[in-house]
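This report refers to the structure that appears directly beneath it.
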Amino acid sequence: MNEQTAKPWYREFWAWLVLSPLILTLVASFVMVSIAVRNADDTVSDTYYKDSRMYHFTADQDQRALVLGLAGMVQFESADNSPERQDSSVVLELSGLNRNGNGEYPQQLLLTLSHPVEADLDRHILLEQVSAGRYTGRVPENLQHRWYLRLMPELNPQQHQQAEWRLKGEINFDLGQAAPLNPASR
């Protein structure tokens with residue numbers, strides 16, 4: 001009985017030696033594609049528009065805020081350490097000649113806190129007017145680290161490009177709880 005019986009292909013050493021790099025390449029490709037899909041770059045949310053192959057920035061909202069002399073100071077007040085109160089409040093002092101058609105400040109403003117890296121972490125805070133130029137609102141959780149701020153009279157965050165004016169700022173909660181808001185300068 002010296003006769004060798006043929007083994008099935010999957011029991012041959014040489015078959016696995018040839019197939020293993022191909023299998024490893026497929027597994028690595030699926031892993032890389034899933035990482036790329038999960039961690040895709042976020043889109044820029046500002047007043048940019050695409051014209052052919054070039055991107056242009058429009059500063060109309062900033063110019064309007066500059067003409068009106070608008071400026072603001074935003075102050076975040078952290079919640080105390082009690083378990084029943086998890087939210088924070090925000091107070092905005094707005095100054096300038098905001099005519100808004102009738103010489104008065106708007107009743108509501110939208111403050112957008114943009115995370116520098118993850119758009120999923122962006123927060124939109126509705127600010128209600130409590131007196132002339134003074135607004136308050138609630139932040140659902142205590143914030144940490146660095147955020148970009150944008151204030152505008154348009155209450156729908158998706159329509160921020162249609163806002164009459166805007167103020168911008170930046171805050172690092174590790175360094176303080178207040179930040180100035182001004183028209184962006186180019």
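Letters A, B, ... go to the chains of the structure tokens in the order shown; residues in each chain start at 1; ligands are counted from 1 in the same order.
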
Shell of 6 Å around Arg166 of chain A, only C-alpha atoms, local chain residues under 2 positions omitted, as a PDB file with C-alpha atoms, in the first residue's frame:
```pdb
ATOM      1  CA  GLN A  61     -22.653  88.872   7.306  1.00  0.00           C
ATOM      2  CA  ASP A  62     -19.461  90.018   8.995  1.00  0.00           C
ATOM      3  CA  LEU A 151     -23.969  84.084  17.052  1.00  0.00           C
ATOM      4  CA  MET A 152     -26.679  85.037  14.553  1.00  0.00           C
TER       5      MET A 152
END
```

For this session: Go ahead and compute the interatomic distance for atom CA of Glu93 of chain A and atom CA of Gln158 of chain A, in Å to one decimal.
Result: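 Atom-to-atom, atom CA of Glu93 of chain A to atom CA of Gln158 of chain A, that is 24.7 Å.
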
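Minimum atom-to-atom distances from A:Ala163, A:Ile171, A:Met32, A:Ala178 to Glu77 of chain A were compared using only C-alpha atoms, and the lowest value belongs to A:Ala178.
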
Problem set entry | Computed interatomic separation between atom CA of Pro140 of chain A and atom CA of Pro106 of chain A (Å) |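 Atom CA of Pro106 of chain A lies at a distance of 23.1 Å from atom CA of Pro140 of chain A.
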
Problem set entry | Residue with smallest distance to Val67 of chain A - pool A:Ser131, A:Gln159, A:Gly96, A:Ile125, counting only C-alpha atoms |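 Closest candidate: A:Gly96.
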
Seminar exercise, completed: Students should find that atom CA of Gln162 of chain A and atom CA of Leu143 of chain A are spaced 28.0 Å

Exercise. Counting only C-alpha atoms, what is within 9 Å of Asn172 of chain A, bar same-chain residues fewer than 3 positions away, as a list in words?
Worked result: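 Skipping anything fewer than 3 positions along the chain leaves Gln144, His145, Arg146, Trp147, Tyr148, Leu175, Gly176, Gln177, Ala178 and Ala179 of chain A.
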
For the selection you just gave me, I'd like the residues written to a file as a compact mmCIF listing (two decimals), in the first residue's frame, keeping all heavy atoms.
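Heads up, here's the output in again.txt:
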```
# COMPACT_ATOMS: atom_id res chain seq x y z
N GLN A 144 -16.35 71.28 27.98
CA GLN A 144 -14.93 71.28 28.30
C GLN A 144 -14.14 71.56 27.04
O GLN A 144 -14.63 71.42 25.92
CB GLN A 144 -14.50 69.93 28.85
CG GLN A 144 -15.20 69.52 30.11
CD GLN A 144 -14.78 68.11 30.51
OE1 GLN A 144 -13.93 67.50 29.89
NE2 GLN A 144 -15.39 67.60 31.56
N HIS A 145 -12.93 71.97 27.21
CA HIS A 145 -11.93 72.15 26.16
C HIS A 145 -12.28 73.32 25.25
O HIS A 145 -12.94 74.26 25.66
CB HIS A 145 -11.71 70.86 25.39
CG HIS A 145 -11.45 69.68 26.29
ND1 HIS A 145 -10.41 69.63 27.19
CD2 HIS A 145 -12.13 68.52 26.45
CE1 HIS A 145 -10.44 68.49 27.84
NE2 HIS A 145 -11.49 67.79 27.42
N ARG A 146 -11.89 73.27 23.98
CA ARG A 146 -11.99 74.40 23.06
C ARG A 146 -13.19 74.26 22.13
O ARG A 146 -13.48 73.17 21.64
CB ARG A 146 -10.71 74.45 22.23
CG ARG A 146 -10.56 75.71 21.45
CD ARG A 146 -9.19 75.78 20.83
NE ARG A 146 -9.38 75.95 19.41
CZ ARG A 146 -8.64 75.42 18.48
NH1 ARG A 146 -7.65 74.66 18.78
NH2 ARG A 146 -8.89 75.64 17.22
N TRP A 147 -13.89 75.39 21.86
CA TRP A 147 -15.04 75.43 20.96
C TRP A 147 -15.00 76.73 20.16
O TRP A 147 -14.51 77.75 20.63
CB TRP A 147 -16.35 75.39 21.74
CG TRP A 147 -16.57 74.12 22.48
CD1 TRP A 147 -16.02 73.76 23.68
CD2 TRP A 147 -17.39 73.03 22.08
NE1 TRP A 147 -16.45 72.51 24.04
CE2 TRP A 147 -17.30 72.03 23.08
CE3 TRP A 147 -18.20 72.78 20.98
CZ2 TRP A 147 -17.97 70.84 23.01
CZ3 TRP A 147 -18.88 71.59 20.91
CH2 TRP A 147 -18.76 70.64 21.92
N TYR A 148 -15.56 76.70 18.95
CA TYR A 148 -15.76 77.90 18.15
C TYR A 148 -17.20 78.37 18.36
O TYR A 148 -18.13 77.56 18.39
CB TYR A 148 -15.53 77.63 16.66
CG TYR A 148 -14.10 77.22 16.36
CD1 TYR A 148 -13.82 75.94 15.90
CD2 TYR A 148 -13.05 78.10 16.54
CE1 TYR A 148 -12.52 75.56 15.63
CE2 TYR A 148 -11.75 77.73 16.27
CZ TYR A 148 -11.49 76.46 15.82
OH TYR A 148 -10.21 76.08 15.55
N LEU A 175 -9.51 77.31 30.22
CA LEU A 175 -8.89 78.57 30.61
C LEU A 175 -9.86 79.59 31.21
O LEU A 175 -9.44 80.52 31.88
CB LEU A 175 -8.19 79.20 29.41
CG LEU A 175 -7.11 78.34 28.75
CD1 LEU A 175 -6.56 79.03 27.52
CD2 LEU A 175 -6.01 78.02 29.73
N GLY A 176 -11.15 79.47 30.91
CA GLY A 176 -12.13 80.43 31.42
C GLY A 176 -13.52 80.13 30.93
O GLY A 176 -13.74 79.26 30.10
N GLN A 177 -14.48 80.90 31.45
CA GLN A 177 -15.89 80.68 31.14
C GLN A 177 -16.49 81.81 30.29
O GLN A 177 -17.69 81.82 30.04
CB GLN A 177 -16.70 80.55 32.44
CG GLN A 177 -16.26 79.40 33.32
CD GLN A 177 -16.61 78.05 32.71
OE1 GLN A 177 -17.72 77.83 32.25
NE2 GLN A 177 -15.64 77.14 32.70
N ALA A 178 -15.71 82.79 29.87
CA ALA A 178 -16.22 83.94 29.10
C ALA A 178 -15.41 84.10 27.82
O ALA A 178 -14.24 83.72 27.75
CB ALA A 178 -16.15 85.20 29.94
N ALA A 179 -16.07 84.68 26.82
CA ALA A 179 -15.38 84.93 25.54
C ALA A 179 -16.06 86.10 24.83
O ALA A 179 -17.28 86.24 24.88
CB ALA A 179 -15.44 83.69 24.65
```
